[in-house]
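Structure first, commentary second.
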Amino acid sequence: MSGDCSPQYGTTSAASIDKIIQMDCLEYLKQRVVKNIDMTFLDPPFNQGKDYRYFDDTQPPEVYWEWLKEILGYIFEATVEGGSIYFMHREKNVGWIMKVLTETGWTFQNLIIWKKFTSAVPGEHRFGKQYQVIFFATRGEKPKTFNKLRVNYPLQPWQKHERANGMYITDVWDDIRELTSGYFAGDEVLRDEKGSRVHLQQSPVALLLRIILSSTMPGDLVFDPFAGTGTTLVVAKQLMRHFIGIEIDPFYVKLIEGRLSRIREADNILKYRLYYRFTPNLDEIWPVNGLERYSNPAGIHLRP
Ligand SMILES: C[S@@+](CC[C@H](N)C(=O)[O-])C[C@H]1O[C@@H](n2cnc3c(N)ncnc32)[C@H](O)[C@@H]1O
């Protein structure tokens, strides 16, 4: 790339910044057109037999993990020193995840437990599943950005006094509600005209808000190679980060374009701002205008 280069992104074409691109992400990465990624959210199909239009979700594990390893290697190459990756997957695959992350050069920082509000029905021989794992890793020993978020975490029944300054986020995230199919799901779930969910893996806005706020600054470049419904991009845009999303399915690409062109009230991140108000550098990492700073359309807490 040459004449159309954005100075901020080295050789990443300015034309592909702040866009969703319809493509196979591995083919995209092989072109080496993206450079200077600050943070990636990696939420691939989990190879668990789900019905994807453009992905075989029933592959032999070795084939599937070799494919993800190749993707992780290219992302590593395109990430700035100190840049981050958040890799979400199933708890039963932690061995594979550590293997492919370390083999591609990433430095492990945290294994985040995203504890869901609902749980799977117990199996014959094991407990019901109630969390998702998110590996946080960096290119290099230390992240170049790590914003220590403080939240107004709700008091537990045995706690008597409100905390004057909230509390720091830990590696267990039990205050972010998953999106479900039933009434519990609220307005955020994208549905078709019959009321069915258009994408069963849609991530909550609150999850991406926490990830992007923790590991980036305004103006940074956020990358999502498996964009799905575009949650990462919708949050990055509101937080004034740049973004590149890749999605193979043209139906979802259209959906993302619509979701980005007009931010729905259900996707509006401002409702979470008061929850994060004890974060010392909040105004710096989450720029808002004066009025928005005090707006809180849907209550203070993330928890219902
Ligand atoms: C688990 S979903 C991601 C959901 C997303 N986090 C969200 O909030 O909606 C994985 C997505 O990857 C897409 N996908 C599958 N194979 C792909 C590939 N080779 N390149 C790009 N996207 C792909 C699927 O169509 C699916 O939408």
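Chain identifiers are assigned as A, B, and so on, following the order in which chains appear in the structure tokens; residues are numbered from 1 within each chain, and ligands are numbered from 1 in order of appearance.
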Considering only C-alpha atoms, return as a ChimeraX atom specification whatever protein or nucleic-acid residues lie within 12 Å of Phe136 (chain A), sequence-local ones (same chain, fewer than 2 positions apart) excluded. /A:39-42,83-89,97-98,101,106-113,133-134,138-139,142-143,146,171,211-212,214-215
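Residues surrounding Arg264 (chain A) within 12 Å are Asp187, Glu188, Val189, Leu190, Val205, Thr231, Val234, Val235, Gln238, Ile256, Gly258 and Leu270 of chain A [only C-alpha atoms; sequence separation below 6 positions excluded].
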Close residues to ligand 1 using only C-alpha atoms and all ligand atoms, limit 6 Å, as number ranges by chain: A: 23-25, 43-45, 55, 201-203, 225-231, 246-249
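Nearest-residue note for Asn165 (chain A): choosing from A:Phe243, A:Tyr153, A:Trp67, A:Trp96, the minimum distance belongs to A:Tyr153, counting only C-alpha atoms.
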Write out as a PyMOL selection string which residues come within 12 Å of Arg163 (chain A) when counting only C-alpha atoms, dropping same-chain ones fewer than 6 positions away. chain A and resi 150-156+278
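Straight-line separation from CA of Lys116 (chain A) to CA of Tyr131 (chain A): 5.3 Å.
Pairwise distance (CA of Met217 (chain A), CA of Leu282 (chain A)) equals 10.6 Å.
Note that DSSP on the backbone gives helix (DSSP H, G or I) to these residues of region 162-244 of chain A: Tyr183, Phe184, Ala185, Val205, Ala206, Leu207, Leu208, Leu209, Arg210, Ile211, Ile212, Leu213, Ser214, Ser215, Thr231, Thr232, Leu233, Val234, Val235, Ala236, Lys237 and Gln238 of chain A.
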Contacts of region 99-141 of chain A with region 58-65 of chain A up to 12 Å, shortest pair per row, only C-alpha atoms, as a Markdown table:
| residue | atom | partner | partner_atom | distance |
| --- | --- | --- | --- | --- |
| A:Lys99 | CA | A:Trp65 | CA | 9.4 |
| A:Val100 | CA | A:Trp65 | CA | 7.4 |
| A:Leu101 | CA | A:Trp65 | CA | 10.6 |
| A:Glu103 | CA | A:Trp65 | CA | 11.6 |
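Shortest atom-to-atom contact with Thr279 (chain A) among A:Leu26, A:Ile263, A:Leu149, A:Val121: A:Leu149, counting only C-alpha atoms.
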Using only C-alpha atoms, pick whichever of A:Lys92, A:Arg210, A:Lys129, A:Lys69 has the shortest atom-to-atom distance to Thr104 (chain A). A:Lys69
Selection near Gly219 (chain A), 7 Å with only C-alpha atoms, sequence-local residues under 4 positions removed, as number ranges by chain: A: 240-242
Interface rows for region 196-297 of chain A against region 176-180 of chain A: nearest pair, Å to one decimal, 7 Å, only C-alpha atoms, as a Markdown table:
| residue | atom | partner | partner_atom | distance |
| --- | --- | --- | --- | --- |
| A:Pro204 | CA | A:Leu179 | CA | 6.3 |
| A:Ala206 | CA | A:Ile176 | CA | 6.4 |
| A:Leu207 | CA | A:Ile176 | CA | 6.5 |
